[in-house]
Every structure is written in structure tokens, then in C-alpha cells.
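**Q** Compact mmCIF, C-alpha atoms, file query-v7.txt:
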```txt
# COMPACT_ATOMS: atom_id res chain seq x y z
CA MET Z 1197 94.08 75.74 145.13
CA ASN Z 1198 95.03 79.17 143.82
CA SER Z 1199 93.61 82.38 145.27
CA VAL Z 1200 93.76 85.62 143.30
CA TYR Z 1201 93.72 89.05 144.95
CA ARG Z 1202 93.43 91.93 142.49
CA TYR Z 1203 94.84 95.36 143.15
CA HIS Z 1204 92.40 98.27 143.21
CA MET Z 1205 93.64 101.85 142.94
CA SER Z 1206 92.40 104.33 145.48
CA ARG Z 1207 91.21 107.80 144.52
CA LYS Z 1208 94.39 109.30 145.95
CA THR Z 1209 96.50 107.08 143.68
CA ILE Z 1210 94.46 108.03 140.62
CA TYR Z 1211 94.68 111.75 141.45
CA LEU Z 1212 98.45 111.55 142.05
CA SER Z 1213 98.94 109.68 138.76
CA VAL Z 1214 96.96 112.27 136.80
CA PHE Z 1215 98.82 115.09 138.58
CA VAL Z 1216 102.25 113.63 137.71
CA LEU Z 1217 101.24 113.10 134.08
CA LEU Z 1218 99.98 116.69 133.86
CA ILE Z 1219 103.24 118.01 135.31
CA PHE Z 1220 105.23 116.04 132.72
CA ILE Z 1221 103.01 117.29 129.91
CA LEU Z 1222 103.24 120.90 131.08
CA LEU Z 1223 107.03 120.69 131.39
CA GLY Z 1224 107.27 119.15 127.92
CA VAL Z 1225 105.07 121.84 126.35
CA GLY Z 1226 106.96 124.56 128.24
CA LEU Z 1227 110.32 123.30 127.04
CA TYR Z 1228 109.02 122.95 123.50
CA GLU Z 1229 107.80 126.57 123.52
CA LEU Z 1230 110.97 127.95 125.14
CA TYR Z 1231 113.48 125.98 123.08
CA GLU Z 1232 111.97 125.63 119.64
CA GLY Z 1233 113.69 122.84 117.79
CA GLY Z 1234 116.38 122.50 120.44
CA TYR Z 1235 117.85 119.28 121.67
CA LEU Z 1236 116.76 120.02 125.26
CA SER Z 1237 113.04 119.58 124.54
CA ALA Z 1238 113.69 116.40 122.53
CA TRP Z 1239 115.93 115.04 125.29
CA PHE Z 1240 113.36 115.82 127.99
CA THR Z 1241 110.51 114.27 126.00
CA SER Z 1242 112.53 111.11 125.32
CA PHE Z 1243 113.54 110.90 128.98
CA VAL Z 1244 109.95 111.28 130.26
CA VAL Z 1245 108.55 108.76 127.78
CA ALA Z 1246 111.25 106.23 128.73
CA LEU Z 1247 110.70 106.87 132.45
CA ILE Z 1248 106.93 106.41 132.18
CA ALA Z 1249 107.38 103.27 130.09
CA LEU Z 1250 109.85 101.73 132.56
CA MET Z 1251 107.76 102.65 135.60
CA SER Z 1252 104.55 101.35 134.07
CA LEU Z 1253 106.12 97.91 133.60
CA SER Z 1254 106.28 97.53 137.41
CA ILE Z 1255 102.70 98.53 138.20
CA PRO Z 1256 101.28 95.78 140.44
CA ARG Z 1257 98.18 94.02 139.06
CA LYS Z 1258 97.37 91.04 141.26
CA ILE Z 1259 98.58 88.65 143.94
CA ILE Z 1260 98.29 84.92 143.29
CA LEU Z 1261 98.56 82.63 146.29
CA THR Z 1262 99.33 78.99 145.43
CA ASP Z 1263 100.25 76.09 147.70
CA GLU Z 1264 103.97 76.80 147.31
CA LEU Z 1265 104.24 80.44 146.17
CA VAL Z 1266 103.08 83.99 146.64
CA GLN Z 1267 103.26 85.64 143.21
CA ILE Z 1268 103.00 89.39 142.75
CA GLU Z 1269 102.21 90.02 139.11
CA CYS Z 1270 103.05 93.37 137.60
CA LEU Z 1271 102.51 94.38 133.99
CA LEU Z 1272 105.78 92.78 132.89
CA ASP Z 1273 107.37 91.47 136.08
CA ILE Z 1274 106.54 88.63 138.44
CA THR Z 1275 107.94 88.52 141.97
CA GLU Z 1276 107.74 85.12 143.62
CA LEU Z 1277 108.10 84.25 147.30
CA ARG Z 1278 108.23 80.62 148.32
CA CYS Z 1279 105.90 79.88 151.22
CA ASP Z 1280 108.54 77.75 152.95
CA GLU Z 1281 110.84 80.81 153.02
CA ILE Z 1282 108.29 83.08 154.70
CA ALA Z 1283 108.98 83.64 158.39
CA SER Z 1284 105.99 85.84 159.26
CA VAL Z 1285 103.04 87.70 157.84
CA ARG Z 1286 101.06 90.43 159.56
CA ALA Z 1287 98.67 93.32 158.95
CA VAL Z 1288 100.25 96.77 159.07
CA ARG Z 1289 98.58 99.94 160.29
CA THR Z 1290 98.72 102.96 158.01
CA SER Z 1291 100.54 104.93 160.71
CA GLU Z 1292 103.49 102.50 160.49
CA MET Z 1293 103.90 103.31 156.81
CA LYS Z 1294 104.66 106.99 157.39
CA TRP Z 1295 108.36 106.16 157.81
CA MET Z 1296 108.65 104.69 154.30
CA PHE Z 1297 110.21 106.84 151.59
CA PRO Z 1298 110.89 105.84 147.99
CA PHE Z 1299 114.52 105.02 147.32
CA PHE Z 1300 114.07 103.63 143.81
CA GLY Z 1301 110.40 103.40 142.99
CA ALA Z 1302 107.11 105.19 142.53
CA TYR Z 1303 105.12 107.09 145.13
CA GLY Z 1304 101.60 107.46 143.79
CA PHE Z 1305 102.32 107.08 140.07
CA PHE Z 1306 99.80 104.29 139.37
CA GLY Z 1307 100.62 102.86 142.78
CA TYR Z 1308 103.38 102.59 145.32
CA TYR Z 1309 106.02 100.14 144.23
CA GLY Z 1310 109.74 99.61 144.17
CA HIS Z 1311 112.47 99.85 146.77
CA TYR Z 1312 111.71 102.06 149.76
CA PHE Z 1313 113.78 103.12 152.74
CA ASP Z 1314 112.32 102.57 156.21
CA LEU Z 1315 113.59 105.47 158.33
CA LYS Z 1316 112.33 103.91 161.54
CA HIS Z 1317 114.40 100.71 161.19
CA PHE Z 1318 117.03 102.06 158.73
CA ASP Z 1319 116.34 99.23 156.34
CA ARG Z 1320 115.50 98.81 152.66
CA VAL Z 1321 112.10 97.22 151.94
CA ARG Z 1322 110.13 96.38 148.81
CA ILE Z 1323 106.59 97.63 148.34
CA TYR Z 1324 103.98 96.46 145.82
CA ALA Z 1325 100.84 98.46 146.54
CA SER Z 1326 98.08 100.23 144.69
CA GLU Z 1327 96.96 102.17 147.74
CA TRP Z 1328 98.62 103.32 150.95
CA ARG Z 1329 96.31 101.36 153.26
CA ASN Z 1330 95.34 97.71 153.85
CA MET Z 1331 99.03 96.82 153.94
CA VAL Z 1332 100.44 93.38 154.71
CA GLU Z 1333 104.04 92.81 155.75
CA ILE Z 1334 105.74 89.60 154.72
CA THR Z 1335 109.11 88.84 156.31
CA ASP Z 1336 111.17 86.02 154.86
CA ILE Z 1337 113.75 83.83 156.57
CA TYR Z 1338 116.50 86.18 155.36
CA GLU Z 1339 114.81 89.04 157.26
CA ASP Z 1340 113.87 90.89 154.07
CA ARG Z 1341 110.53 92.66 154.30
CA LEU Z 1342 107.95 93.02 151.55
CA TYR Z 1343 104.78 95.09 151.80
CA LEU Z 1344 101.63 94.45 149.77
CA SER Z 1345 98.29 96.19 149.70
CA CYS Z 1346 95.29 93.89 149.73
CA ARG Z 1347 91.71 94.98 150.32
CA ASP Z 1348 90.83 91.54 151.65
CA ARG Z 1349 93.91 91.30 153.82
CA GLU Z 1350 92.38 89.27 156.67
CA ARG Z 1351 91.50 86.45 154.27
CA PHE Z 1352 94.90 86.75 152.54
CA ILE Z 1353 96.78 86.59 155.86
CA GLY Z 1354 94.66 83.65 157.04
CA GLU Z 1355 95.25 81.67 153.85
CA LEU Z 1356 98.98 82.43 153.83
CA GLN Z 1357 99.35 81.49 157.52
CA ALA Z 1358 97.59 78.18 156.84
CA LYS Z 1359 99.93 77.42 153.92
CA ILE Z 1360 103.01 78.31 156.00
CA GLU Z 1361 101.86 76.10 158.88
CA ALA Z 1362 101.08 73.24 156.48
CA LEU Z 1363 104.66 73.41 155.19
CA HIS Z 1364 106.23 73.64 158.68
CA PRO Z 1365 104.05 71.65 161.11
CA LYS Z 1366 107.03 70.48 163.23
CA ASN Z 1367 108.43 73.99 163.69
CA ARG Z 1368 105.07 75.41 164.78
CA ASN Z 1369 104.52 72.62 167.35
CA SER Z 1370 108.01 72.98 168.83
CA GLU Z 1371 107.53 76.76 169.21
CA LYS Z 1372 104.37 76.16 171.27
CA GLY Z 1373 106.26 73.89 173.64
CA GLU Z 1374 104.72 70.62 172.46
```
Could you quickly redo this structure as C-alpha cells?
**A**
Amino acid sequence: MNSVYRYHMSRKTIYLSVFVLLIFILLGVGLYELYEGGYLSAWFTSFVVALIALMSLSIPRKIILTDELVQIECLLDITELRCDEIASVRAVRTSEMKWMFPFFGAYGFFGYYGHYFDLKHFDRVRIYASEWRNMVEITDIYEDRLYLSCRDRERFIGELQAKIEALHPKNRNSEKGE
């Protein structure tokens, strides 16, 4: 059975997105007025349009949880995690996220997504979130960490834990000393 968890943007994310778009528009108009007909304003406009187009392709839309996979669907990208390769899943407090800084990704431009650097653990992590709260950390067997935002995270974590335990019943029993 498939479960679908849709991303919902917070007010902060919407305000940051509008702010960034306004900054780009103001810079474009300013360059156009300062350098009439110059290549600098055309170059800047082309660069901003390409940057917005590329970034918007990675905006997270929904999480689909199947019996074998966790799929994070973006506008044009799908990230898949096999449930048998997931080592742990846990809820993350917002205070733990203060050490995350974007390395190659977006911070507030229609969400928080891409590759981030965790200053606390000096590690690179991936984040697919539409808001900076209700975060879930998924660690795979290769010790790579992935963070998702999910408003119904308790249900998501419960369902994912059940699927992981169904795939590895022997490992879970041996860890408990049975």
C-alpha cells in the first residue's frame, strides 16, 4: 500500500521566495537602467532566468512511501531510497537544524533543498524540505543522512519503521537479544 505525504510551504518559505524574486527583479531593472543595451544586463538576466529554472526543477512536491521505496518527488527529479538500505529514521528538533548551511542548494527559495553542510558533525547531508520544522532524518546503511519535512511525521516515521522491520525481522530480533 502506498502512502503519499504532500509538502506544504510555510509562511516563512513563501515570504523568502517572494523576497528573493523581488531582489532578482530589482537587480535586473537596475542593471537595465544603468547599462542600457549593454551585455551585462543581458548576461545577468539570462543567468537569473537559468538559475531560477534550474532551482525550480528541484522543488520538493511529495513523499511516496511504498513497500520497498521512499520516493521524494520534485518537479522534475525523483530521489529513491530502498527501505532495506535504511538504517534508522527519527524525528529531528528544529534546534538541531541550526547547524545546517547550504553548500549547493536553496535556503528558502520555494523550500530548503539540495546539499547542505552540517557544521556540528562536519558532514554533507541532503535536505528535501518545504519548511524548516517537522524534520525527519533518514540514515542509510552507508551512513548518508537525508532530511525531509513532513507535517504528519509521526505517522510517516511509524509507517517507515514498520516497513523496515518487515524487511529485516531477523536483524531486529537479534538486536533485542532474542
**Q** Within 8 Å of stretch 1343-1367 of chain Z, which residues of stretch 1256-1287 of chain Z show up? Give each one with its shortest atom-to-atom distance in Å (one decimal) and the two atoms involved, counting all atoms listed in the file, rows by chain then rising residue number, as a tab-separated table.
**A**
```
residue	atom	partner	partner_atom	distance
Z:Leu1261	CA	Z:Leu1356	CA	7.6
Z:Asp1263	CA	Z:Lys1359	CA	6.4
Z:Glu1264	CA	Z:Lys1359	CA	7.8
Z:Cys1279	CA	Z:Ile1360	CA	5.8
Z:Asp1280	CA	Z:Leu1363	CA	6.2
Z:Ile1282	CA	Z:Ile1360	CA	7.2
Z:Val1285	CA	Z:Ile1353	CA	6.7
Z:Arg1286	CA	Z:Ile1353	CA	6.8
Z:Ala1287	CA	Z:Arg1349	CA	7.3
```
**Q** Could you dump the residues just selected with C-alpha atoms as a short mmCIF file (atom, residue, chain, number, x, y, z; two decimals), in the coordinates of the input?
**A**
```
data_model
loop_
_atom_site.label_atom_id
_atom_site.label_comp_id
_atom_site.auth_asym_id
_atom_site.auth_seq_id
_atom_site.Cartn_x
_atom_site.Cartn_y
_atom_site.Cartn_z
CA LEU Z 1261 98.56 82.63 146.29
CA ASP Z 1263 100.25 76.09 147.70
CA GLU Z 1264 103.97 76.80 147.31
CA CYS Z 1279 105.90 79.88 151.22
CA ASP Z 1280 108.54 77.75 152.95
CA ILE Z 1282 108.29 83.08 154.70
CA VAL Z 1285 103.04 87.70 157.84
CA ARG Z 1286 101.06 90.43 159.56
CA ALA Z 1287 98.67 93.32 158.95
#
```
**Q** Excluding stretch 1311-1320 of chain Z and any residue of its chain fewer than 4 positions from it, enumerate the residues within 12 Å of it, using all atoms listed in the file, and give them as number ranges by chain.
**A** Z: 1254, 1291-1303, 1324-1325, 1339-1343
**Q** Please provide the set of residues having any atom within 10 Å of Z:Ile1210, restricted to all atoms listed in the file, with same-chain residues fewer than 6 positions apart removed, written as a list in words.
**A** Gly1304, Phe1305, Phe1306, Gly1307, Ser1326 and Glu1327 of chain Z
**Q** Suppose you want the space between atom CA of Z:His1204 and atom CA of Z:Ile1221; what is it in Å?
**A**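 Those two atoms sit 25.5 Å apart.
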**Q** Of the candidates Z:Val1288, Z:Thr1209, Z:Pro1256, Z:Ser1242, which one gets nearest to Z:Ile1274 if we count all atoms listed in the file?
**A**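 The answer is Z:Pro1256, which sits nearest to Z:Ile1274.
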**Q** I'd like the interatomic distance between atom CA of Z:Glu1269 and atom CA of Z:Ile1323, to a tenth of an Å.
**A**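 Spanning atom CA of Z:Glu1269 to atom CA of Z:Ile1323 is a straight-line distance of 12.7 Å.
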**Q** My list of candidates is Z:Leu1223, Z:Leu1230, Z:Ile1268, Z:Ile1259. Which is closest to Z:Val1244 when distances are computed with only C-alpha atoms?
**A**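 Checking each candidate against Z:Val1244, we get Z:Leu1223 as the closest.
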**Q** Could you state the separation of atom CA of Z:Gly1310 and atom CA of Z:Gly1226 in Å, given to one decimal place?
**A**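 Separation between atom CA of Z:Gly1310 and atom CA of Z:Gly1226: 29.7 Å.
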**Q** With only C-alpha atoms as the basis for distance, which of Z:Val1214, Z:Met1251, Z:Leu1277, Z:Met1205 is at the shortest distance from Z:Leu1265?
**A**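 Checking each candidate against Z:Leu1265, we get Z:Leu1277 as the closest.
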